[in-house]
file data.csv (CSV, C-alpha atoms and all ligand atoms)
chain,number,residue,atom,x,y,z
A,1,MET,CA,-32.0,-23.3,-1.3
A,2,LYS,CA,-34.9,-20.9,-0.8
A,3,THR,CA,-35.2,-19.8,2.8
A,4,LYS,CA,-38.0,-18.0,4.6
A,5,PRO,CA,-37.9,-14.2,3.8
A,6,VAL,CA,-37.2,-12.0,6.7
A,7,LYS,CA,-37.8,-8.2,6.5
A,8,VAL,CA,-35.2,-5.9,8.2
A,9,LYS,CA,-36.5,-2.4,7.8
A,10,ASN,CA,-36.6,-2.0,4.0
A,11,THR,CA,-34.3,-4.9,3.3
A,12,ILE,CA,-35.2,-8.6,2.7
A,13,ILE,CA,-32.9,-11.4,3.9
A,14,GLY,CA,-33.7,-14.8,2.4
A,15,GLY,CA,-36.6,-16.0,0.3
A,16,GLY,CA,-34.6,-15.7,-2.9
A,17,ALA,CA,-33.7,-12.0,-2.4
A,18,PRO,CA,-30.2,-10.9,-3.5
A,19,VAL,CA,-27.5,-11.8,-0.9
A,20,THR,CA,-27.1,-8.8,1.4
A,21,ILE,CA,-23.8,-7.6,2.9
A,22,GLN,CA,-23.4,-6.8,6.5
A,23,SER,CA,-20.8,-5.3,8.8
A,24,MET,CA,-20.4,-4.1,12.3
A,25,THR,CA,-19.1,-0.9,13.8
A,26,ASN,CA,-16.0,-1.0,16.0
A,27,THR,CA,-16.3,2.5,17.5
A,28,PRO,CA,-17.5,2.8,21.1
A,29,THR,CA,-21.3,2.7,20.5
A,30,ASP,CA,-21.9,5.5,23.1
A,31,ASP,CA,-19.6,7.8,21.0
A,32,TYR,CA,-22.4,9.2,19.0
A,33,GLY,CA,-20.3,11.2,16.5
A,34,ALA,CA,-17.7,8.4,15.7
A,35,THR,CA,-20.4,5.7,15.5
A,36,LEU,CA,-22.7,7.8,13.2
A,37,ARG,CA,-19.7,8.5,11.0
A,38,GLN,CA,-18.8,4.9,10.7
A,39,VAL,CA,-22.4,3.8,10.0
A,40,LEU,CA,-22.6,6.5,7.3
A,41,ASP,CA,-19.3,5.3,5.8
A,42,LEU,CA,-20.6,1.8,5.7
A,43,GLN,CA,-23.9,2.9,4.2
A,44,GLY,CA,-22.0,5.0,1.6
A,45,VAL,CA,-20.0,2.0,0.3
A,46,GLY,CA,-23.2,-0.1,0.0
A,47,CYS,CA,-23.3,-2.1,3.2
A,48,ASP,CA,-26.9,-3.3,3.4
A,49,ILE,CA,-27.2,-3.9,7.2
A,50,VAL,CA,-25.0,-2.5,10.0
A,51,ARG,CA,-24.7,-4.1,13.5
A,52,LEU,CA,-23.8,-2.2,16.6
A,53,ALA,CA,-22.8,-3.8,20.0
A,54,VAL,CA,-25.2,-2.5,22.7
A,55,SER,CA,-24.1,-3.1,26.2
A,56,ASN,CA,-25.8,-0.5,28.4
A,57,SER,CA,-28.7,1.9,28.4
A,58,LYS,CA,-26.5,4.8,27.2
A,59,GLU,CA,-25.6,2.7,24.1
A,60,VAL,CA,-29.3,1.9,23.6
A,61,GLU,CA,-30.0,5.6,23.5
A,62,VAL,CA,-27.2,6.4,21.0
A,63,ALA,CA,-27.9,3.3,18.8
A,64,CYS,CA,-31.6,4.2,18.6
A,65,LYS,CA,-30.9,7.8,17.8
A,66,ILE,CA,-28.6,6.8,15.0
A,67,ALA,CA,-31.1,4.3,13.7
A,68,SER,CA,-33.6,7.2,13.3
A,69,GLU,CA,-31.0,9.2,11.3
A,70,VAL,CA,-29.8,6.8,8.7
A,71,THR,CA,-31.4,4.8,6.0
A,72,VAL,CA,-29.4,1.6,6.4
A,73,PRO,CA,-31.1,-0.9,8.9
A,74,LEU,CA,-29.3,-1.2,12.2
A,75,VAL,CA,-29.0,-4.3,14.3
A,76,ALA,CA,-28.5,-4.3,18.1
A,77,ASP,CA,-26.0,-7.0,19.2
A,78,ILE,CA,-27.0,-7.9,22.7
A,79,GLN,CA,-25.0,-10.4,24.8
A,80,TYR,CA,-26.8,-10.9,28.2
A,81,ASP,CA,-29.3,-8.3,29.3
A,82,TYR,CA,-32.7,-9.0,27.9
A,83,ARG,CA,-33.9,-5.5,28.9
A,84,LEU,CA,-31.5,-3.9,26.4
A,85,ALA,CA,-32.9,-6.1,23.7
A,86,VAL,CA,-36.5,-5.0,24.6
A,87,ALA,CA,-35.4,-1.3,24.7
A,88,CYS,CA,-33.7,-1.6,21.3
A,89,ALA,CA,-36.7,-3.2,19.7
A,90,ASP,CA,-39.0,-0.5,21.2
A,91,GLY,CA,-36.5,2.2,20.3
A,92,GLY,CA,-36.3,1.7,16.6
A,93,MET,CA,-33.5,-0.8,15.9
A,94,SER,CA,-34.3,-2.9,12.9
A,95,LYS,CA,-33.1,-6.3,14.2
A,96,ILE,CA,-31.8,-7.8,17.3
A,97,ARG,CA,-28.9,-10.3,17.5
A,98,ILE,CA,-29.0,-12.5,20.6
A,99,ASN,CA,-27.9,-15.9,21.8
A,100,PRO,CA,-31.2,-16.9,23.5
A,101,GLY,CA,-29.5,-19.2,25.9
A,102,ASN,CA,-27.6,-16.3,27.4
A,103,LEU,CA,-30.6,-14.2,28.4
A,104,GLY,CA,-31.4,-15.8,31.7
A,105,GLY,CA,-34.5,-18.0,31.1
A,106,ARG,CA,-37.7,-18.5,29.2
A,107,ASP,CA,-39.6,-15.6,30.8
A,108,LYS,CA,-36.9,-13.1,29.7
A,109,LEU,CA,-36.7,-14.5,26.3
A,110,LEU,CA,-40.5,-14.2,26.0
A,111,GLU,CA,-40.3,-10.5,26.9
A,112,VAL,CA,-37.8,-10.0,24.1
A,113,ALA,CA,-39.9,-12.0,21.6
A,114,VAL,CA,-43.0,-10.0,22.5
A,115,ALA,CA,-41.2,-6.6,22.1
A,116,CYS,CA,-39.8,-7.8,18.8
A,117,LYS,CA,-43.2,-8.9,17.6
A,118,ARG,CA,-44.9,-5.6,18.5
A,119,ASN,CA,-42.2,-3.7,16.6
A,120,ASP,CA,-41.9,-6.0,13.6
A,121,VAL,CA,-38.3,-6.6,14.5
A,122,PRO,CA,-36.7,-9.9,13.6
A,123,ILE,CA,-34.1,-11.7,15.7
A,124,ARG,CA,-30.8,-13.3,14.7
A,125,VAL,CA,-29.9,-16.3,16.7
A,126,GLY,CA,-26.1,-16.0,16.6
A,127,VAL,CA,-24.1,-19.0,17.9
A,128,ASN,CA,-20.3,-18.8,17.9
A,129,ALA,CA,-17.9,-21.7,18.5
A,130,GLY,CA,-16.1,-19.6,21.1
A,131,SER,CA,-19.1,-19.8,23.4
A,132,LEU,CA,-19.5,-23.6,23.2
A,133,ASP,CA,-18.5,-25.9,26.0
A,134,LYS,CA,-14.8,-27.0,25.6
A,135,SER,CA,-15.8,-30.6,25.9
A,136,VAL,CA,-17.1,-30.7,22.3
A,137,GLY,CA,-13.5,-31.6,21.3
A,138,THR,CA,-12.9,-32.5,17.7
A,139,LEU,CA,-13.6,-30.2,14.7
A,140,ASP,CA,-16.5,-32.5,13.7
A,141,GLY,CA,-17.7,-32.2,17.3
A,142,ILE,CA,-17.6,-28.5,17.2
A,143,ALA,CA,-19.6,-28.3,13.9
A,144,LYS,CA,-22.3,-30.6,15.3
A,145,ALA,CA,-22.4,-28.7,18.6
A,146,LEU,CA,-22.8,-25.4,16.8
A,147,THR,CA,-25.7,-26.8,14.7
A,148,LYS,CA,-27.4,-28.4,17.8
A,149,SER,CA,-27.0,-25.2,19.8
A,150,ALA,CA,-28.5,-23.1,16.9
A,151,LEU,CA,-31.4,-25.5,16.5
A,152,ASP,CA,-32.1,-25.6,20.3
A,153,ASN,CA,-32.1,-21.8,20.4
A,154,LEU,CA,-34.4,-21.5,17.4
A,155,SER,CA,-36.8,-24.0,19.1
A,156,LEU,CA,-36.7,-21.9,22.2
A,157,LEU,CA,-37.9,-18.9,20.3
A,158,GLU,CA,-40.4,-20.9,18.4
A,159,SER,CA,-41.7,-22.2,21.7
A,160,VAL,CA,-42.6,-18.7,22.7
A,161,GLY,CA,-44.4,-18.1,19.4
A,162,PHE,CA,-41.6,-16.2,17.6
A,163,ASP,CA,-40.4,-17.3,14.1
A,164,ASP,CA,-39.2,-14.1,12.5
A,165,LEU,CA,-35.7,-15.4,12.6
A,166,VAL,CA,-32.3,-15.4,11.0
A,167,VAL,CA,-29.5,-17.8,12.2
A,168,SER,CA,-25.8,-18.0,12.2
A,169,VAL,CA,-23.2,-20.6,13.3
A,170,LYS,CA,-19.8,-19.1,13.1
A,171,ALA,CA,-16.3,-20.5,13.9
A,172,SER,CA,-12.9,-19.3,13.1
A,173,ASN,CA,-12.1,-22.5,11.3
A,174,ALA,CA,-13.5,-22.5,7.7
A,175,LYS,CA,-14.2,-26.2,7.6
A,176,VAL,CA,-16.1,-26.2,10.9
A,177,THR,CA,-18.1,-23.3,9.7
A,178,VAL,CA,-19.0,-24.8,6.4
A,179,ASP,CA,-19.9,-28.2,7.9
A,180,ALA,CA,-22.1,-26.5,10.6
A,181,TYR,CA,-24.0,-24.3,8.0
A,182,ARG,CA,-24.5,-27.3,5.7
A,183,MET,CA,-26.0,-29.3,8.6
A,184,LEU,CA,-28.1,-26.4,9.7
A,185,ALA,CA,-29.5,-25.8,6.2
A,186,ALA,CA,-30.6,-29.4,6.0
A,187,LYS,CA,-32.6,-29.0,9.2
A,188,CYS,CA,-34.2,-25.5,9.0
A,189,ASN,CA,-35.2,-23.0,6.4
A,190,TYR,CA,-34.5,-19.8,8.3
A,191,PRO,CA,-32.3,-17.4,6.3
A,192,LEU,CA,-28.6,-18.0,7.0
A,193,HIS,CA,-26.3,-15.1,8.1
A,194,ILE,CA,-22.9,-16.6,7.1
A,195,GLY,CA,-19.5,-15.5,8.3
A,196,ILE,CA,-16.2,-16.8,9.6
A,197,THR,CA,-15.6,-15.3,12.9
A,198,GLU,CA,-12.2,-14.0,14.0
A,199,SER,CA,-10.9,-14.8,10.5
A,200,GLY,CA,-7.8,-12.7,11.0
A,201,VAL,CA,-6.1,-9.7,9.5
A,202,GLY,CA,-5.5,-8.7,5.9
A,203,LEU,CA,-4.9,-11.3,3.3
A,204,SER,CA,-5.1,-14.2,5.7
A,205,GLY,CA,-8.6,-13.2,6.8
A,206,ILE,CA,-9.7,-12.6,3.3
A,207,ILE,CA,-8.5,-15.9,2.0
A,208,LYS,CA,-10.0,-17.8,5.0
A,209,SER,CA,-13.3,-16.0,4.4
A,210,ALA,CA,-13.2,-16.8,0.7
A,211,ALA,CA,-12.5,-20.5,1.4
A,212,GLY,CA,-15.4,-20.8,3.9
A,213,LEU,CA,-18.0,-18.4,2.6
A,214,GLY,CA,-17.1,-19.1,-1.0
A,215,SER,CA,-17.9,-22.8,-0.4
A,216,LEU,CA,-21.2,-22.0,1.1
A,217,LEU,CA,-22.2,-19.4,-1.5
A,218,LEU,CA,-21.3,-21.9,-4.3
A,219,ASP,CA,-23.6,-24.4,-2.6
A,220,GLY,CA,-26.4,-21.9,-2.8
A,221,LEU,CA,-26.3,-21.3,0.9
A,222,GLY,CA,-26.1,-17.9,2.6
A,223,ASP,CA,-28.6,-15.1,2.5
A,224,THR,CA,-26.6,-12.4,4.1
A,225,VAL,CA,-22.8,-12.2,4.4
A,226,ARG,CA,-20.4,-10.7,6.9
A,227,VAL,CA,-16.7,-10.8,6.1
A,228,SER,CA,-15.1,-10.3,9.6
A,229,LEU,CA,-11.7,-8.7,9.4
A,230,SER,CA,-9.7,-6.9,12.1
A,231,GLY,CA,-9.5,-3.3,11.0
A,232,ASP,CA,-11.8,-0.8,9.3
A,233,PRO,CA,-15.1,-2.4,8.7
A,234,VAL,CA,-15.6,-0.4,5.5
A,235,ASP,CA,-12.9,-2.6,3.9
A,236,GLU,CA,-15.1,-5.6,4.4
A,237,ILE,CA,-17.8,-4.5,2.1
A,238,ASP,CA,-16.0,-4.6,-1.3
A,239,ILE,CA,-14.5,-8.0,-0.3
A,240,ALA,CA,-17.9,-9.4,0.5
A,241,ARG,CA,-19.3,-8.0,-2.7
A,242,ARG,CA,-16.5,-9.6,-4.8
A,243,LEU,CA,-17.0,-12.9,-3.0
A,244,ILE,CA,-20.7,-12.9,-3.7
A,245,ARG,CA,-20.0,-12.1,-7.4
A,246,ALA,CA,-17.2,-14.7,-7.7
A,247,ALA,CA,-19.6,-17.3,-6.4
A,248,GLY,CA,-22.1,-16.4,-9.0
A,249,ARG,CA,-24.7,-15.2,-6.5
A,250,ASP,CA,-24.7,-11.7,-8.1
A,251,ILE,CA,-24.4,-11.5,-11.9
A,252,ASN,CA,-25.4,-7.9,-12.4
A,253,PHE,CA,-21.9,-6.5,-12.9
A,254,CYS,CA,-19.1,-6.3,-15.4
A,255,GLU,CA,-16.7,-9.2,-14.9
A,256,VAL,CA,-13.2,-8.5,-16.2
A,257,ILE,CA,-11.1,-11.7,-16.8
A,258,SER,CA,-7.5,-11.5,-17.8
A,259,CYS,CA,-4.9,-14.1,-18.8
A,260,PRO,CA,-2.0,-14.9,-16.4
A,261,THR,CA,0.4,-13.8,-19.2
A,262,CYS,CA,3.4,-15.7,-20.4
A,263,SER,CA,6.5,-14.9,-22.5
A,264,ARG,CA,4.2,-14.1,-25.5
A,265,CYS,CA,2.9,-11.0,-23.6
A,266,SER,CA,4.8,-7.9,-24.6
A,267,PHE,CA,3.0,-5.1,-22.7
A,268,ASP,CA,1.8,-4.3,-19.1
A,269,LEU,CA,-1.3,-6.4,-19.1
A,270,ALA,CA,-2.0,-6.1,-15.4
A,271,SER,CA,-2.2,-2.3,-15.6
A,272,LEU,CA,-4.5,-2.5,-18.6
A,273,ALA,CA,-6.8,-5.0,-16.8
A,274,VAL,CA,-6.9,-2.9,-13.7
A,275,LYS,CA,-7.7,0.3,-15.7
A,276,VAL,CA,-10.5,-1.6,-17.6
A,277,GLU,CA,-11.9,-2.9,-14.3
A,278,ASN,CA,-11.9,0.5,-12.7
A,279,MET,CA,-13.6,2.1,-15.8
A,280,THR,CA,-16.3,-0.6,-15.9
A,281,ARG,CA,-17.1,-0.7,-12.2
A,282,HIS,CA,-20.3,1.3,-12.7
A,283,ILE,CA,-21.9,-1.3,-15.0
A,284,ASN,CA,-24.7,-3.1,-13.2
A,285,ARG,CA,-25.8,-5.7,-15.8
A,286,PRO,CA,-24.2,-9.1,-16.7
A,287,LEU,CA,-21.2,-8.5,-19.0
A,288,LYS,CA,-17.9,-10.4,-19.4
A,289,ILE,CA,-14.8,-8.7,-20.7
A,290,ALA,CA,-11.5,-10.4,-21.5
A,291,VAL,CA,-8.2,-8.6,-21.3
A,292,MET,CA,-5.6,-10.9,-23.0
A,293,GLY,CA,-1.8,-10.8,-23.3
A,294,CYS,CA,-1.2,-11.6,-26.9
A,295,CYS,CA,-2.9,-11.6,-30.3
A,296,VAL,CA,-1.7,-15.1,-31.1
A,297,ASN,CA,-3.8,-17.0,-28.5
A,298,GLY,CA,-5.7,-14.2,-26.7
A,299,ILE,CA,-8.6,-14.0,-29.2
A,300,GLY,CA,-9.3,-17.7,-29.1
A,301,GLU,CA,-8.8,-18.0,-25.3
A,302,GLY,CA,-11.1,-15.1,-24.7
A,303,LYS,CA,-13.9,-15.9,-27.1
A,304,HIS,CA,-16.3,-16.9,-24.3
A,305,ALA,CA,-16.3,-13.2,-23.2
A,306,ASP,CA,-18.8,-10.7,-24.6
A,307,LEU,CA,-16.0,-8.5,-25.7
A,308,GLY,CA,-12.2,-8.7,-25.4
A,309,ILE,CA,-9.0,-7.0,-26.1
A,310,ALA,CA,-5.7,-8.6,-26.9
A,311,GLY,CA,-2.6,-6.5,-26.9
A,312,SER,CA,0.9,-6.4,-28.2
A,313,SER,CA,3.8,-3.9,-27.9
A,314,ASP,CA,2.2,-1.3,-30.3
A,315,LYS,CA,-1.3,-2.3,-31.2
A,316,ALA,CA,-4.3,-4.0,-29.7
A,317,ILE,CA,-7.1,-6.0,-31.2
A,318,ILE,CA,-10.7,-5.7,-29.9
A,319,PHE,CA,-12.7,-8.7,-30.5
A,320,ARG,CA,-16.2,-10.0,-30.0
A,321,ASP,CA,-17.3,-13.7,-29.9
A,322,GLY,CA,-13.8,-14.5,-31.1
A,323,LYS,CA,-14.0,-12.3,-34.2
A,324,ILE,CA,-11.9,-9.2,-34.7
A,325,LEU,CA,-13.9,-5.9,-34.5
A,326,LYS,CA,-11.0,-3.4,-34.9
A,327,THR,CA,-7.3,-2.8,-34.4
A,328,ILE,CA,-6.3,0.2,-32.3
A,329,PRO,CA,-3.0,1.7,-31.1
A,330,MET,CA,-1.8,0.4,-27.6
A,331,LEU,CA,-1.5,4.0,-26.5
A,332,GLY,CA,-4.9,4.9,-25.1
A,333,ALA,CA,-6.2,1.4,-25.7
A,334,ASP,CA,-8.0,1.4,-22.3
A,335,GLU,CA,-10.2,4.4,-23.3
A,336,ASP,CA,-10.8,3.2,-26.8
A,337,PHE,CA,-11.8,-0.2,-25.4
A,338,VAL,CA,-14.2,1.3,-22.8
A,339,ARG,CA,-15.8,3.3,-25.6
A,340,VAL,CA,-16.5,0.0,-27.5
A,341,ILE,CA,-17.9,-1.5,-24.3
A,342,ASP,CA,-20.2,1.5,-23.9
A,343,GLU,CA,-21.4,1.1,-27.5
A,344,TYR,CA,-22.0,-2.6,-27.0
A,345,ILE,CA,-24.1,-1.9,-23.9
A,346,ALA,CA,-26.1,0.7,-25.8
A,347,ILE,CA,-27.1,-1.7,-28.5
A,348,SER,CA,-27.5,-5.0,-26.6
B,401,LIG,FE1,0.2,-16.2,-22.9
B,401,LIG,FE2,-1.2,-15.0,-24.9
B,401,LIG,FE3,-2.3,-17.0,-23.4
B,401,LIG,FE4,-1.9,-14.6,-22.3
B,401,LIG,S1,-3.3,-15.1,-24.0
B,401,LIG,S2,-1.4,-16.6,-21.4
B,401,LIG,S3,0.0,-14.0,-23.3
B,401,LIG,S4,-0.6,-17.2,-24.8
call {"tool": "encode", "arguments": {"input": "data.csv", "output": "structure tokens"}}
result
Amino acid sequence: MKTKPVKVKNTIIGGGAPVTIQSMTNTPTDDYGATLRQVLDLQGVGCDIVRLAVSNSKEVEVACKIASEVTVPLVADIQYDYRLAVACADGGMSKIRINPGNLGGRDKLLEVAVACKRNDVPIRVGVNAGSLDKSVGTLDGIAKALTKSALDNLSLLESVGFDDLVVSVKASNAKVTVDAYRMLAAKCNYPLHIGITESGVGLSGIIKSAAGLGSLLLDGLGDTVRVSLSGDPVDEIDIARRLIRAAGRDINFCEVISCPTCSRCSFDLASLAVKVENMTRHINRPLKIAVMGCCVNGIGEGKHADLGIAGSSDKAIIFRDGKILKTIPMLGADEDFVRVIDEYIAIS
């Protein structure tokens, strides 16, 4: 679904632009050194947009100073005080995240909208299930209430003449989140910031995010993604990138597929697949590589890949379109195979 494009500094969210990846710092925002380091770490691993919680005037000052020193766009996350939002918009932050209903009335919201407009700063309306009235009850009720709250808040900003908007409706339940975003997408065309909030730690949080965000991305929904995990936000970036790629929303990379192995496999396929994946990580064009566990079935099963390798205990076969290109020793097969991949890229 093509949404309205929204410009955040030098980055576009929506309008058919590539899906961007976001994260949020978890250092005290008024700790200039620690927060700058974390913003730079996130920028360094390819995070497209970084959000900082801003809760007082000292944090406004630090956040705006950092915004002037980094290339990645920074978002000020404001909970209640509209004056902080105005100061952040005037001070050089690239986007403001608010829940308009929390700002204390239409006049205050108008001041924020005016400040954002004069600085060309968009606003994300961010609604979370945790801030809904408990009476919404069932999961279906929560999804509907999230959608309604987001639409009401968007209308509030539109009513003061502001429509440079991104919207999110997050819950910690994947199904609630997916249902809410689907309902929202049917009713507005603002870009969707998608995320599962409080998804959890480690693998549990990754899998929940993959279930929820993956469903949305496969639907064609989601213009910018945050994988929210407890821990170092830098870890979120690679997970978000892999998720976007697995859903087919970014095809400019080398996809390494590998068979699950069975008793026909007589070498350490998992190690070879990991080595090939690491050695092809820099490729930024569409390419599919198969790493298969035996020469009996591997060549046929991997023929839909651009190139493949099927191993045995002492030799490996490199194949293309299901046809054998060459046979090489297993020892050093990873490097030989990557050389063939590089030659393939050079001529195709
Ligand atoms: Fe088993 Fe060979 Fe198929 Fe891998 S490619 S699953 S080793 S039959």
call {"tool": "residues_near_ligand", "arguments": {"input": "data.csv", "ligand": "ligand LIG 401 (chain B)", "cutoff": "7 Å", "atoms": "only C-alpha atoms and all ligand atoms", "output": "PyMOL selection string"}}
result
chain A and resi 259-265+292-298+301
call {"tool": "closest_residue", "arguments": {"input": "data.csv", "among": "A:Thr138, A:Ser258, A:Ser155, A:Ser312", "to": "Ile289 (chain A)", "atoms": "all atoms listed in the file"}}
result
A:Ser258
call {"tool": "closest_residue", "arguments": {"input": "data.csv", "among": "A:Thr280, A:Ser57, A:Ser168, A:Asn252", "to": "Ala129 (chain A)", "atoms": "all atoms listed in the file"}}
result
A:Ser168
call {"tool": "closest_residue", "arguments": {"input": "data.csv", "among": "A:Ile244, A:Ile251, A:Cys64, A:Leu213", "to": "Asp90 (chain A)", "atoms": "only C-alpha atoms"}}
result
A:Cys64
call {"tool": "closest_residue", "arguments": {"input": "data.csv", "among": "A:Val169, A:Leu216, A:Ile207, A:Ala89", "to": "Met1 (chain A)", "atoms": "all atoms listed in the file"}}
result
A:Leu216
call {"tool": "residues_around", "arguments": {"input": "data.csv", "residues": "Gly92 (chain A)", "least_positions_apart": "2", "cutoff": "9 Å", "atoms": "all atoms listed in the file", "output": "ChimeraX atom specification"}}
result
/A:63-65,67-68,74,87-90,94-95,119,121
call {"tool": "residues_around", "arguments": {"input": "data.csv", "residues": "Ile96 (chain A)", "least_positions_apart": "5", "cutoff": "7 Å", "atoms": "all atoms listed in the file", "output": "list in words"}}
result
Val75, Ala76, Asp77, Ala85, Pro122, Ile123 and Arg124 of chain A
call {"tool": "atom_distance", "arguments": {"input": "data.csv", "atom1": "CA of Ala180 (chain A)", "atom2": "CA of Asp140 (chain A)"}}
result
8.8 Å
call {"tool": "residues_around", "arguments": {"input": "data.csv", "residues": "Lys323 (chain A)", "least_positions_apart": "4", "cutoff": "12 Å", "atoms": "only C-alpha atoms", "output": "PyMOL selection string"}}
result
chain A and resi 295+298-310+317-319+327
call {"tool": "atom_distance", "arguments": {"input": "data.csv", "atom1": "CA of Val50 (chain A)", "atom2": "CA of Val201 (chain A)"}}
result
20.2 Å
call {"tool": "atom_distance", "arguments": {"input": "data.csv", "atom1": "CA of Asp250 (chain A)", "atom2": "CA of Asn284 (chain A)"}}
result
10.0 Å
call {"tool": "closest_residue", "arguments": {"input": "data.csv", "among": "A:Lys148, A:Lys315, A:Arg83, A:Arg51", "to": "Ile21 (chain A)", "atoms": "all atoms listed in the file"}}
result
A:Arg51
